[in-house]
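File shown here: input39.cif, holding mmCIF, C-alpha atoms and all ligand atoms.
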```
data_upload
#
loop_
_atom_site.label_atom_id
_atom_site.label_comp_id
_atom_site.auth_asym_id
_atom_site.auth_seq_id
_atom_site.Cartn_x
_atom_site.Cartn_y
_atom_site.Cartn_z
CA MET G 1 0.00 0.00 0.00
CA VAL G 2 1.26 3.40 -0.92
CA LEU G 3 -0.39 5.98 1.26
CA ASP G 4 -0.09 9.75 1.43
CA GLN G 5 0.61 11.04 4.90
CA LYS G 6 -1.52 14.10 4.54
CA LEU G 7 -4.99 13.13 3.43
CA PRO G 8 -7.85 15.60 3.08
CA ASP G 9 -9.65 14.20 6.10
CA ALA G 10 -7.14 12.06 7.95
CA ASP G 11 -3.56 11.43 8.82
CA GLY G 12 -2.02 8.66 6.70
CA VAL G 13 0.06 7.24 9.53
CA GLU G 14 -2.98 7.01 11.78
CA LEU G 15 -5.10 5.52 9.02
CA LEU G 16 -2.47 2.90 8.39
CA GLN G 17 -2.39 2.10 12.09
CA THR G 18 -6.15 1.57 12.01
CA LEU G 19 -5.82 -0.70 9.01
CA ARG G 20 -3.11 -2.64 10.81
CA ASP G 21 -5.40 -3.03 13.79
CA ASP G 22 -8.01 -4.39 11.40
CA GLY G 23 -5.57 -7.01 10.23
CA PHE G 24 -3.87 -5.49 7.20
CA ASN G 25 -0.35 -6.88 7.28
CA GLY G 26 1.04 -6.06 3.85
CA ALA G 27 3.92 -3.74 3.15
CA ALA G 28 3.11 -0.04 3.33
CA VAL G 29 4.95 3.03 2.12
CA ILE G 30 4.03 6.44 3.44
CA ILE G 31 4.44 9.38 1.09
CA THR G 32 5.31 12.55 2.86
CA GLY G 33 5.95 16.11 1.83
CA TYR G 34 6.99 16.93 5.37
CA PRO G 35 9.95 14.75 6.07
CA THR G 36 10.52 15.80 9.63
CA VAL G 37 12.66 13.25 11.33
CA ARG G 38 10.01 12.61 13.95
CA LYS G 39 7.30 11.79 11.45
CA ALA G 40 9.57 9.52 9.51
CA THR G 41 10.53 7.55 12.57
CA THR G 42 6.93 7.29 13.71
CA ALA G 43 6.04 5.95 10.33
CA LEU G 44 8.82 3.40 10.36
CA GLY G 45 8.51 2.54 14.02
CA SER G 46 4.82 1.89 13.81
CA ALA G 47 2.97 0.76 10.82
CA ALA G 48 4.81 1.70 7.66
CA THR G 49 7.54 -0.34 6.08
CA ASP G 50 9.21 2.65 4.47
CA TYR G 51 8.55 6.22 3.56
CA LEU G 52 8.95 8.24 0.43
CA GLN G 53 9.71 11.90 0.34
CA LYS G 54 7.90 14.25 -2.00
CA PRO G 55 8.61 15.12 -4.73
CA PHE G 56 9.64 11.80 -6.17
CA ASP G 57 9.60 10.22 -9.60
CA THR G 58 8.40 6.79 -10.68
CA ASP G 59 11.91 5.36 -10.61
CA ARG G 60 12.28 6.27 -6.98
CA LEU G 61 8.82 4.81 -6.20
CA ARG G 62 9.76 1.65 -8.03
CA ALA G 63 13.02 1.36 -6.15
CA VAL G 64 11.34 1.80 -2.78
CA ALA G 65 8.56 -0.66 -3.69
CA ARG G 66 11.12 -3.23 -4.80
CA GLN G 67 13.06 -2.77 -1.60
CA VAL G 68 9.97 -3.11 0.52
CA LEU G 69 8.71 -6.19 -1.29
CA LYS G 70 12.08 -7.87 -0.94
CA GLY G 71 11.49 -7.74 2.79
CA GLY G 72 8.75 -10.27 2.17
CA VAL G 73 5.05 -9.77 2.36
CA SER G 74 2.82 -12.32 3.96
CA ARG G 75 0.97 -14.51 1.51
CA ARG G 76 -2.34 -13.13 2.55
CA PRO G 77 -1.76 -9.44 3.00
CA TRP G 78 -5.37 -8.48 2.58
CA LYS G 79 -6.68 -10.41 5.49
CA PHE G 80 -9.45 -7.98 6.27
CA LEU G 81 -10.51 -7.70 2.65
CA TRP G 82 -10.37 -11.44 2.41
CA GLU G 83 -12.72 -11.83 5.34
CA THR G 84 -15.22 -9.56 3.64
CA ILE G 85 -15.05 -11.64 0.50
CA GLU G 86 -15.40 -14.84 2.43
CA LYS G 87 -18.41 -13.44 4.22
CA ARG G 88 -19.97 -12.72 0.89
CA TYR G 89 -19.05 -15.66 -1.29
CA GLY G 90 -18.34 -18.34 1.28
CA PHE G 91 -20.44 -21.39 0.64
CA ARG G 92 -22.77 -20.83 3.55
CA ASN G 93 -23.69 -17.44 2.07
CA VAL G 94 -24.74 -18.82 -1.25
CA LEU G 95 -28.39 -19.07 -0.52
CA SER G 96 -31.22 -21.15 -1.88
CA ARG G 97 -34.02 -23.39 -0.74
CA ASP G 98 -34.62 -24.82 -4.15
CA PRO G 99 -33.33 -28.38 -4.64
CA ASP G 100 -32.13 -27.76 -8.23
CA ALA G 101 -30.31 -24.56 -7.37
CA ARG G 102 -28.87 -26.15 -4.24
CA ARG G 103 -27.56 -29.05 -6.27
CA CYS G 104 -25.80 -26.49 -8.47
CA TYR G 105 -24.09 -24.86 -5.49
CA ILE G 106 -23.16 -28.18 -3.94
CA THR G 107 -21.59 -29.42 -7.18
CA ALA G 108 -19.81 -26.09 -7.50
CA ALA G 109 -18.34 -26.44 -4.03
CA ARG G 110 -17.30 -30.00 -4.72
CA VAL G 111 -15.44 -29.20 -7.95
CA ALA G 112 -14.12 -25.81 -6.86
CA ASP G 113 -10.65 -27.11 -6.19
CA SER G 114 -10.17 -28.90 -9.50
CA VAL G 115 -9.09 -27.19 -12.69
CA ALA G 116 -12.08 -28.58 -14.61
CA SER G 117 -13.87 -26.05 -16.79
CA VAL G 118 -17.30 -25.05 -15.59
CA LEU G 119 -20.18 -23.93 -17.77
CA ILE G 120 -22.94 -22.00 -16.06
CA GLU G 121 -26.22 -21.70 -17.88
CA GLY G 122 -29.11 -19.58 -16.72
CA GLU G 123 -31.41 -16.76 -17.65
CA THR G 124 -30.32 -13.22 -17.10
CA GLY G 125 -30.03 -12.30 -13.44
CA THR G 126 -30.10 -15.84 -12.06
CA GLY G 127 -26.73 -15.37 -10.36
CA LYS G 128 -24.24 -16.78 -12.86
CA GLU G 129 -21.44 -14.39 -12.07
CA TYR G 130 -22.12 -14.71 -8.37
CA LEU G 131 -21.79 -18.48 -8.65
CA ALA G 132 -18.60 -18.12 -10.71
CA ARG G 133 -17.08 -15.93 -8.02
CA ALA G 134 -18.15 -18.36 -5.35
CA VAL G 135 -16.37 -21.17 -7.22
CA HIS G 136 -13.26 -19.02 -7.44
CA TYR G 137 -13.23 -17.98 -3.81
CA MET G 138 -13.98 -21.49 -2.60
CA SER G 139 -11.08 -22.88 -4.59
CA GLY G 140 -7.39 -23.12 -3.87
CA ARG G 141 -6.92 -20.33 -6.42
CA CYS G 142 -8.83 -17.89 -4.23
CA GLU G 143 -5.78 -15.73 -3.74
CA GLY G 144 -5.16 -15.53 -7.47
CA PRO G 145 -6.99 -13.14 -9.77
CA PHE G 146 -10.61 -13.45 -10.87
CA VAL G 147 -10.70 -11.99 -14.37
CA ALA G 148 -14.14 -11.45 -15.87
CA VAL G 149 -14.54 -10.84 -19.58
CA ASN G 150 -17.68 -10.10 -21.52
CA CYS G 151 -17.15 -12.08 -24.72
CA GLY G 152 -19.71 -10.01 -26.60
CA ALA G 153 -17.79 -6.82 -25.93
CA ILE G 154 -14.47 -7.62 -27.61
CA PRO G 155 -14.39 -6.81 -31.31
CA ASP G 156 -13.00 -9.59 -33.48
CA SER G 157 -10.12 -7.47 -34.68
CA LEU G 158 -8.86 -6.98 -31.12
CA LEU G 159 -9.65 -10.43 -29.86
CA GLU G 160 -6.28 -11.98 -30.25
CA SER G 161 -4.32 -9.19 -28.65
CA GLU G 162 -6.91 -8.84 -25.87
CA MET G 163 -6.88 -12.55 -25.09
CA PHE G 164 -3.23 -13.34 -25.60
CA GLY G 165 -1.47 -9.99 -25.44
CA HIS G 166 1.29 -8.76 -27.66
CA GLU G 167 5.01 -8.12 -27.59
CA LYS G 168 6.41 -4.65 -27.97
CA GLY G 169 6.61 -3.89 -31.66
CA ALA G 170 4.26 -6.69 -32.73
CA PHE G 171 2.40 -4.10 -34.80
CA THR G 172 2.68 -0.38 -35.37
CA SER G 173 0.71 0.76 -32.34
CA ALA G 174 2.21 -1.87 -30.03
CA THR G 175 4.53 0.49 -28.25
CA ALA G 176 4.85 -1.69 -25.16
CA LEU G 177 4.42 -5.28 -24.16
CA LYS G 178 0.85 -6.06 -23.17
CA LYS G 179 -0.34 -9.11 -21.31
CA GLY G 180 -3.59 -10.62 -22.51
CA ILE G 181 -6.49 -11.61 -20.28
CA CYS G 182 -5.54 -15.30 -20.29
CA GLU G 183 -2.14 -14.43 -18.94
CA MET G 184 -3.53 -11.94 -16.44
CA ALA G 185 -5.71 -14.70 -15.01
CA HIS G 186 -2.66 -16.89 -14.40
CA GLY G 187 -2.97 -18.64 -11.06
CA GLY G 188 -6.62 -17.70 -10.86
CA THR G 189 -9.93 -17.92 -12.67
CA LEU G 190 -10.94 -16.64 -16.08
CA PHE G 191 -14.66 -15.93 -16.25
CA LEU G 192 -15.94 -15.81 -19.81
CA ASP G 193 -19.36 -14.20 -19.69
CA GLU G 194 -21.83 -14.37 -22.59
CA ILE G 195 -19.78 -17.09 -24.18
CA SER G 196 -22.39 -17.64 -26.89
CA GLU G 197 -21.36 -14.28 -28.34
CA LEU G 198 -17.91 -15.50 -29.40
CA THR G 199 -17.45 -15.38 -33.14
CA PRO G 200 -16.42 -18.60 -34.95
CA ALA G 201 -12.85 -17.31 -35.22
CA ALA G 202 -12.73 -16.54 -31.52
CA GLN G 203 -14.15 -19.96 -30.67
CA VAL G 204 -11.28 -21.64 -32.50
CA LYS G 205 -8.74 -19.57 -30.57
CA LEU G 206 -10.35 -20.27 -27.24
CA LEU G 207 -10.52 -23.97 -28.02
CA ARG G 208 -6.84 -24.07 -28.83
CA PHE G 209 -6.07 -22.28 -25.60
CA LEU G 210 -8.14 -24.77 -23.60
CA GLN G 211 -6.38 -27.68 -25.25
CA GLU G 212 -2.87 -26.41 -24.92
CA ARG G 213 -3.14 -24.35 -21.73
CA ALA G 214 -0.54 -22.07 -23.21
CA ILE G 215 -0.61 -18.81 -25.09
CA THR G 216 1.67 -17.08 -27.52
CA ARG G 217 1.61 -13.31 -27.44
CA LEU G 218 1.17 -11.61 -30.80
CA GLY G 219 4.62 -11.14 -32.19
CA GLY G 220 5.96 -13.55 -29.59
CA LEU G 221 8.00 -16.60 -30.39
CA LYS G 222 7.63 -18.91 -27.46
CA PRO G 223 4.39 -20.21 -25.99
CA ILE G 224 3.88 -19.29 -22.36
CA GLU G 225 2.22 -21.80 -20.09
CA VAL G 226 -0.66 -20.41 -18.12
CA ASP G 227 -2.52 -22.00 -15.27
CA VAL G 228 -6.12 -20.84 -15.27
CA ARG G 229 -9.47 -22.32 -14.41
CA VAL G 230 -12.02 -21.31 -17.01
CA ILE G 231 -15.66 -20.67 -16.15
CA GLY G 232 -18.02 -19.87 -18.99
CA ALA G 233 -21.50 -18.41 -18.62
CA THR G 234 -24.36 -18.02 -21.02
CA ASN G 235 -28.02 -17.11 -21.03
CA ARG G 236 -28.49 -18.63 -24.49
CA ASP G 237 -29.10 -22.27 -25.17
CA LEU G 238 -25.75 -23.57 -26.42
CA VAL G 239 -27.20 -26.95 -27.41
CA GLN G 240 -29.43 -25.05 -29.79
CA GLY G 241 -26.35 -23.06 -30.83
CA MET G 242 -24.60 -26.30 -31.76
CA ARG G 243 -27.62 -27.41 -33.74
CA ASP G 244 -27.64 -24.31 -35.86
CA ASN G 245 -23.84 -24.31 -36.08
CA SER G 246 -23.29 -21.03 -34.30
CA PHE G 247 -21.41 -22.74 -31.47
CA ARG G 248 -18.68 -25.34 -31.91
CA GLU G 249 -19.41 -28.73 -30.48
CA ASP G 250 -15.78 -29.46 -29.51
CA LEU G 251 -15.61 -26.17 -27.63
CA TYR G 252 -18.88 -26.92 -25.89
CA TYR G 253 -17.62 -30.24 -24.57
CA ARG G 254 -14.29 -28.73 -23.51
CA LEU G 255 -16.12 -26.07 -21.53
CA SER G 256 -18.92 -28.07 -20.05
CA VAL G 257 -16.85 -30.55 -18.08
CA VAL G 258 -18.94 -29.40 -15.14
CA PRO G 259 -22.28 -28.10 -16.44
CA LEU G 260 -24.30 -26.06 -13.97
CA ARG G 261 -27.77 -24.82 -14.75
CA LEU G 262 -29.24 -22.14 -12.53
CA PRO G 263 -33.02 -22.37 -12.64
CA PRO G 264 -35.06 -19.18 -13.12
CA LEU G 265 -36.48 -17.63 -9.99
CA ARG G 266 -40.09 -18.40 -10.96
CA GLU G 267 -39.22 -22.11 -10.70
CA ARG G 268 -37.52 -21.74 -7.34
CA GLN G 269 -40.17 -22.25 -4.70
CA GLY G 270 -39.34 -20.44 -1.51
CA ASP G 271 -36.42 -18.53 -2.95
CA VAL G 272 -38.37 -15.34 -3.63
CA VAL G 273 -39.10 -14.81 0.04
CA LEU G 274 -35.67 -16.04 1.12
CA PHE G 275 -33.88 -13.61 -1.20
CA ALA G 276 -36.30 -10.77 -0.57
CA ARG G 277 -35.38 -10.99 3.14
CA HIS G 278 -31.70 -11.43 2.32
CA PHE G 279 -31.59 -8.33 0.12
CA LEU G 280 -33.48 -6.33 2.73
CA ARG G 281 -30.87 -7.26 5.34
CA GLU G 282 -28.19 -6.24 2.86
CA VAL G 283 -29.76 -2.79 2.43
CA ARG G 284 -29.83 -2.36 6.20
CA ARG G 285 -26.22 -3.36 6.48
CA GLU G 286 -25.18 -0.93 3.77
CA MET G 287 -27.30 2.02 4.87
CA GLY G 288 -27.32 1.37 8.58
CA ARG G 289 -31.11 1.73 8.58
CA GLY G 290 -34.19 0.67 6.66
CA PRO G 291 -37.17 -1.61 7.13
CA THR G 292 -36.76 -5.03 8.73
CA GLU G 293 -39.77 -6.98 7.49
CA TYR G 294 -42.49 -7.32 4.89
CA SER G 295 -46.19 -7.22 5.53
CA PRO G 296 -48.02 -10.43 4.50
CA GLU G 297 -49.60 -8.50 1.60
CA ALA G 298 -46.17 -7.33 0.42
CA LEU G 299 -44.90 -10.92 0.45
CA ALA G 300 -47.96 -11.94 -1.54
CA VAL G 301 -47.16 -9.29 -4.18
CA LEU G 302 -43.57 -10.52 -4.40
CA LYS G 303 -44.62 -14.16 -4.67
CA ALA G 304 -47.17 -13.41 -7.36
CA HIS G 305 -44.71 -11.74 -9.73
CA ASP G 306 -43.02 -13.89 -12.36
CA TRP G 307 -39.53 -12.27 -12.06
CA SER G 308 -38.36 -12.51 -15.64
CA GLY G 309 -35.31 -10.48 -14.53
CA ASN G 310 -34.70 -13.06 -11.78
CA LEU G 311 -32.55 -12.23 -8.73
CA ARG G 312 -31.30 -9.01 -10.26
CA GLU G 313 -34.84 -7.71 -10.72
CA LEU G 314 -35.79 -8.78 -7.19
CA HIS G 315 -32.66 -7.09 -5.84
CA ASN G 316 -33.60 -3.80 -7.49
CA VAL G 317 -37.22 -3.96 -6.40
CA VAL G 318 -36.20 -4.64 -2.79
CA GLN G 319 -33.70 -1.76 -2.79
CA ARG G 320 -36.33 0.62 -4.06
CA SER G 321 -39.01 -0.47 -1.63
CA ALA G 322 -36.59 -0.23 1.28
CA LEU G 323 -35.92 3.33 0.26
CA ILE G 324 -39.57 4.24 -0.08
CA ALA G 325 -40.97 2.49 3.01
CA PRO G 326 -40.96 5.02 5.85
CA GLY G 327 -41.19 2.61 8.79
CA ASN G 328 -39.99 -0.82 9.77
CA VAL G 329 -42.32 -2.70 7.50
CA VAL G 330 -42.33 -2.86 3.72
CA LYS G 331 -45.98 -2.83 2.70
CA ALA G 332 -47.56 -3.79 -0.58
CA GLN G 333 -47.84 -0.17 -1.70
CA HIS G 334 -44.06 0.27 -1.35
CA ILE G 335 -43.34 -2.41 -3.87
CA GLU G 336 -42.98 -0.96 -7.32
CA ILE G 337 -42.49 -3.52 -9.96
CA VAL G 338 -41.11 -1.88 -13.08
CA PRO G 339 -42.94 -3.09 -16.17
CA ARG G 340 -40.99 -5.13 -18.66
CA GLY G 341 -38.99 -3.27 -21.26
CA ALA G 342 -37.47 -0.96 -18.67
CA THR G 343 -34.62 -3.38 -18.07
CA ALA G 344 -31.93 -1.22 -19.65
CA GLN G 345 -32.43 1.25 -16.87
CA GLU G 346 -32.53 -1.57 -14.34
CA ASP G 347 -29.07 -2.64 -15.34
CA GLU G 348 -27.72 0.82 -14.69
CA THR G 349 -28.97 0.90 -11.14
CA GLU G 350 -27.45 -2.54 -10.63
CA MET G 351 -24.01 -1.03 -11.07
CA GLN G 352 -24.43 0.97 -7.89
CA PRO G 353 -24.92 -0.50 -4.45
CA LEU G 354 -27.90 1.79 -3.94
CA VAL G 355 -29.62 4.49 -5.95
CA SER G 356 -27.97 7.88 -5.85
CA LEU G 357 -29.37 10.78 -3.91
CA GLU G 358 -30.40 12.35 -7.19
CA GLU G 359 -32.21 9.22 -8.28
CA ALA G 360 -33.90 9.02 -4.88
CA GLY G 361 -35.04 12.60 -5.34
CA ARG G 362 -36.35 11.87 -8.78
CA MET G 363 -38.26 8.82 -7.54
CA TYR G 364 -39.72 10.78 -4.66
CA ILE G 365 -40.94 13.61 -6.88
CA ARG G 366 -42.50 11.12 -9.24
CA ARG G 367 -44.29 9.44 -6.35
CA VAL G 368 -45.64 12.71 -5.02
CA LEU G 369 -46.85 13.67 -8.49
CA THR G 370 -48.61 10.36 -8.88
CA HIS G 371 -50.12 10.74 -5.43
CA THR G 372 -51.49 14.20 -6.28
CA ASN G 373 -52.68 13.20 -9.74
CA ASN G 374 -50.09 15.57 -11.20
CA ASN G 375 -51.50 18.53 -9.35
CA LYS G 376 -48.42 20.75 -9.25
CA SER G 377 -49.58 23.17 -6.53
CA GLU G 378 -50.48 20.28 -4.25
CA ALA G 379 -47.23 18.46 -5.09
CA SER G 380 -45.03 21.50 -4.51
CA ARG G 381 -46.75 22.04 -1.14
CA ILE G 382 -45.99 18.44 -0.07
CA LEU G 383 -42.44 18.69 -1.36
CA GLY G 384 -41.91 22.01 0.35
CA ILE G 385 -40.64 23.73 -2.78
CA SER G 386 -42.08 26.45 -5.00
CA ARG G 387 -44.08 25.58 -8.11
CA GLN G 388 -41.31 27.13 -10.16
CA THR G 389 -38.66 24.90 -8.60
CA LEU G 390 -40.93 21.90 -9.08
CA ARG G 391 -41.36 22.74 -12.75
CA ALA G 392 -37.60 23.05 -13.14
CA LYS G 393 -37.11 19.69 -11.41
CA ILE G 394 -39.68 18.03 -13.65
CA ALA G 395 -37.84 19.30 -16.71
CA GLU G 396 -34.43 18.40 -15.29
CA HIS G 397 -35.43 14.84 -14.50
CA GLY G 398 -37.48 14.43 -17.63
CA LEU G 399 -40.55 13.41 -15.65
CA ALA G 400 -43.63 13.06 -17.80
CA VAL G 401 -46.66 14.82 -16.33
N1 LIG D 1 -26.69 -17.14 -4.24
C1 LIG D 1 -26.79 -15.81 -4.11
N2 LIG D 1 -26.82 -15.24 -2.90
C2 LIG D 1 -26.96 -13.91 -2.77
N3 LIG D 1 -27.07 -13.06 -3.79
C3 LIG D 1 -27.05 -13.56 -5.02
C4 LIG D 1 -26.90 -14.96 -5.25
N4 LIG D 1 -26.92 -15.18 -6.57
C5 LIG D 1 -27.05 -13.95 -7.15
N5 LIG D 1 -27.14 -12.99 -6.23
C6 LIG D 1 -27.36 -11.55 -6.52
O1 LIG D 1 -28.26 -11.47 -7.62
C7 LIG D 1 -27.88 -10.45 -8.55
C8 LIG D 1 -27.66 -11.02 -9.94
O2 LIG D 1 -26.59 -11.94 -9.93
P1 LIG D 1 -25.52 -12.05 -11.13
O3 LIG D 1 -25.00 -10.71 -11.52
O4 LIG D 1 -24.54 -13.06 -10.72
O5 LIG D 1 -26.47 -12.60 -12.28
P2 LIG D 1 -26.12 -13.06 -13.78
O6 LIG D 1 -26.77 -14.37 -13.98
O7 LIG D 1 -24.66 -12.92 -14.03
O8 LIG D 1 -26.92 -11.98 -14.61
P3 LIG D 1 -26.73 -11.49 -16.15
O9 LIG D 1 -27.07 -12.64 -17.02
O10 LIG D 1 -27.73 -10.39 -16.25
O11 LIG D 1 -25.32 -11.05 -16.28
C9 LIG D 1 -26.64 -9.81 -7.96
O12 LIG D 1 -27.05 -8.66 -7.25
C10 LIG D 1 -26.10 -10.86 -6.98
O13 LIG D 1 -25.41 -10.25 -5.94
MG MG D 2 -23.63 -11.63 -15.45
#
```
As structure tokens, how would this structure be written, given the file I've shared?
Amino acid sequence: MVLDQKLPDADGVELLQTLRDDGFNGAAVIITGYPTVRKATTALGSAATDYLQKPFDTDRLRAVARQVLKGGVSRRPWKFLWETIEKRYGFRNVLSRDPDARRCYITAARVADSVASVLIEGETGTGKEYLARAVHYMSGRCEGPFVAVNCGAIPDSLLESEMFGHEKGAFTSATALKKGICEMAHGGTLFLDEISELTPAAQVKLLRFLQERAITRLGGLKPIEVDVRVIGATNRDLVQGMRDNSFREDLYYRLSVVPLRLPPLRERQGDVVLFARHFLREVRREMGRGPTEYSPEALAVLKAHDWSGNLRELHNVVQRSALIAPGNVVKAQHIEIVPRGATAQEDETEMQPLVSLEEAGRMYIRRVLTHTNNNKSEASRILGISRQTLRAKIAEHGLAV
């Protein structure tokens, strides 16, 4: 860790001490612009491994880092971070009451330690990436990298250099050596999301990689052996893909050594309520407040919905209702199920742990407008703002009235 001594709202040395108390035991370098002897000795005597005086250049930073690392860092420097991860992805936190889903998780746990390729199939939002991460963190490679790639997002022309990297000078714009994603995942797990989106050319390259477990960088001469566990995920039916020749059969069998199929939420009896409660607890943990339970009517609303967006949709709905519900209980009227077709927006909110203050404001104004049948005087009175301000807000947020 390289840490500035003077932070806007804290003292670096003190912060480092706190992190140490929390279990961080990696090497740490304190950057200081005020190299008073006292500070430097405090830094060295307490928590920091070395200090670096400002101004410095990258060579100096590199030299110090090298020196510090030579001293040896424990194999698990991020103990406290690790505990957080384990809390989240540890097997006992992978929830489900459904026998089919449970079988998936149990198989995943059983094969986690092998290098066998895993293929996870499931509709959007069923928890494919979550399961992939769980496999990684349950495995002996947990301290290695987890590299996730969206196969649909790499253009064919860049595929080779993205996957396998290139040597300096391999082509005109290759001004420096670049490691590809396969190499970056060395010692860890490579998660290939949306695997059905690979073009035929890309499928051939991936197949060769899976067979040889080695890569050659573009412009490189020697193959480099890489040790990665590959997990593929898809929400398309690959068997159908093989039938219509859009997905290679040999690649399919290479990948699906361990096939896992996550059932959609509507087929998972009991999971809606289980996850609804789980996500509510999560909101409370993140915000430090929020409702604790659902009314029976609210649970009925949740159970009645068909959840085509699966766990992701449920997650978003719970977050919203927790934000809207004023008391301890989420009631039926707090549950807003977004009609289908609005999923693009759903995905955006998924990126954030919770909606932003601005989004919360927007949602609140919309609710008040609905409540008042779009009566702006009434709405501005409830909101405690002038009609003018309300009109400006409506325009700003693009709210239809
Ligand atoms: N077993 C689980 N326990 C707790 N939370 C879960 C579990 N499985 C999934 N989730 C949560 O459900 C949401 C969707 O999961 P994830 O992103 O893994 O789905 P996905 O199948 O990869 O979706 P997509 O196909 O849209 O990429 C996430 O918020 C995730 O944290
Ligand atoms: Mg995903």
Looking at only C-alpha atoms and all ligand atoms, which of G:Arg236, G:Lys179, G:Lys128, G:Arg261 is the one that sits closest to ligand LIG 1 (chain D)? G:Lys128
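Here atom CA of G:Glu359 is placed at a distance of 22.2 Å from atom CA of G:Val329.
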Return as a PyMOL selection string the residues of protein, DNA or RNA that approach ligand MG 2 (chain D) to within 7 Å, with only C-alpha atoms and all ligand atoms taken into account. chain G and resi 125+128-129+193
Resulting file, chosen residues, C-alpha atoms, as a short mmCIF file (atom, residue, chain, number, x, y, z; two decimals), in the coordinates of the input:
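Below you can see again_22.cif, which holds the result:
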```cif
data_model
loop_
_atom_site.label_atom_id
_atom_site.label_comp_id
_atom_site.auth_asym_id
_atom_site.auth_seq_id
_atom_site.Cartn_x
_atom_site.Cartn_y
_atom_site.Cartn_z
CA GLY G 125 -30.03 -12.30 -13.44
CA LYS G 128 -24.24 -16.78 -12.86
CA GLU G 129 -21.44 -14.39 -12.07
CA ASP G 193 -19.36 -14.20 -19.69
#
```
6 Å contact set for stretch 316-327 of chain G, all atoms listed in the file, chain neighbours under 6 positions out, as a ChimeraX atom specification: /G:290,334-335
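Counting all atoms listed in the file and comparing G:His278, G:Arg141, G:Lys54, G:Lys222, the residue that lies closest to ligand LIG 1 (chain D) is G:His278.
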Which of these residues is nearest to G:Gly140, using all atoms listed in the file: G:Pro291, G:Gly165, G:Gly188, G:Pro155? G:Gly188
Please compute the atom CA of G:Ser173-atom CA of G:Gly152 distance, one decimal, in Å. 23.8 Å
What lies within 6 Å of stretch 195-203 of chain G using all atoms listed in the file, ignoring chain neighbours under 4 positions off, as a ChimeraX atom specification? /G:151-152,233-234
Residues of the last selection are to be written out with C-alpha atoms, as a CSV table (one decimal), in the frame of the given file.
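selection_5.csv, written as the output of this step:
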```csv
chain,number,residue,atom,x,y,z
G,151,CYS,CA,-17.2,-12.1,-24.7
G,152,GLY,CA,-19.7,-10.0,-26.6
G,233,ALA,CA,-21.5,-18.4,-18.6
G,234,THR,CA,-24.4,-18.0,-21.0
```
Please, what distance in Å, to one decimal, runs between atom CA of G:Lys205 and atom CA of G:Met138?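 Straight-line distance from atom CA of G:Lys205 to atom CA of G:Met138 works out to 28.5 Å.
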Per residue of stretch 185-217 of chain G within 8 Å of stretch 223-229 of chain G, which atom pair is closest and at what distance in Å (one decimal), using only C-alpha atoms, listed by chain and increasing number, as a tab-separated table?
```
residue	atom	partner	partner_atom	distance
G:Ala185	CA	G:Val228	CA	6.2
G:His186	CA	G:Asp227	CA	5.2
G:Gly187	CA	G:Asp227	CA	5.4
G:Gly188	CA	G:Val228	CA	5.4
G:Thr189	CA	G:Arg229	CA	4.8
G:Leu190	CA	G:Arg229	CA	6.1
G:Arg213	CA	G:Val226	CA	5.9
G:Ala214	CA	G:Glu225	CA	4.2
G:Ile215	CA	G:Pro223	CA	5.3
G:Thr216	CA	G:Pro223	CA	4.4
G:Arg217	CA	G:Pro223	CA	7.6
```
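Nearest to G:Cys142 of all the residues G:His371, G:Gly127, G:Asp4, G:Ala112 is G:Ala112, counting all atoms listed in the file.
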Near-G:Gln67 list (12 Å; all atoms listed in the file; drop same-chain fewer than 3 positions) as a VMD selection string: chain G and resid 27 to 29 49 to 52 60 to 64 70 to 73
For G:Ala148, the closest of G:Asp98, G:Asp59, G:Glu194, G:Asp113 counting only C-alpha atoms is G:Glu194
Applying 8 Å and all atoms listed in the file, which residues near G:Glu123 remain after dropping the ones on its own chain fewer than 4 positions away? List them as a list in words.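 So, after excluding close chain neighbours, the residues are Thr234, Asn235, Arg236, Leu262, Pro263, Pro264 and Asn310 of chain G.
Nearest residue to ligand LIG 1 (chain D) among G:Ile181, G:Val258, G:Leu131, G:Ala300 is G:Leu131, counting all atoms listed in the file.
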Compile the contact shell of G:Thr372 as JSON, numbers by chain: residues with an atom at most 12 Å away, counting only C-alpha atoms, same-chain residues fewer than 5 positions apart removed. {"G": [365, 366, 367, 377, 378, 379, 380, 381, 382, 383, 401]}
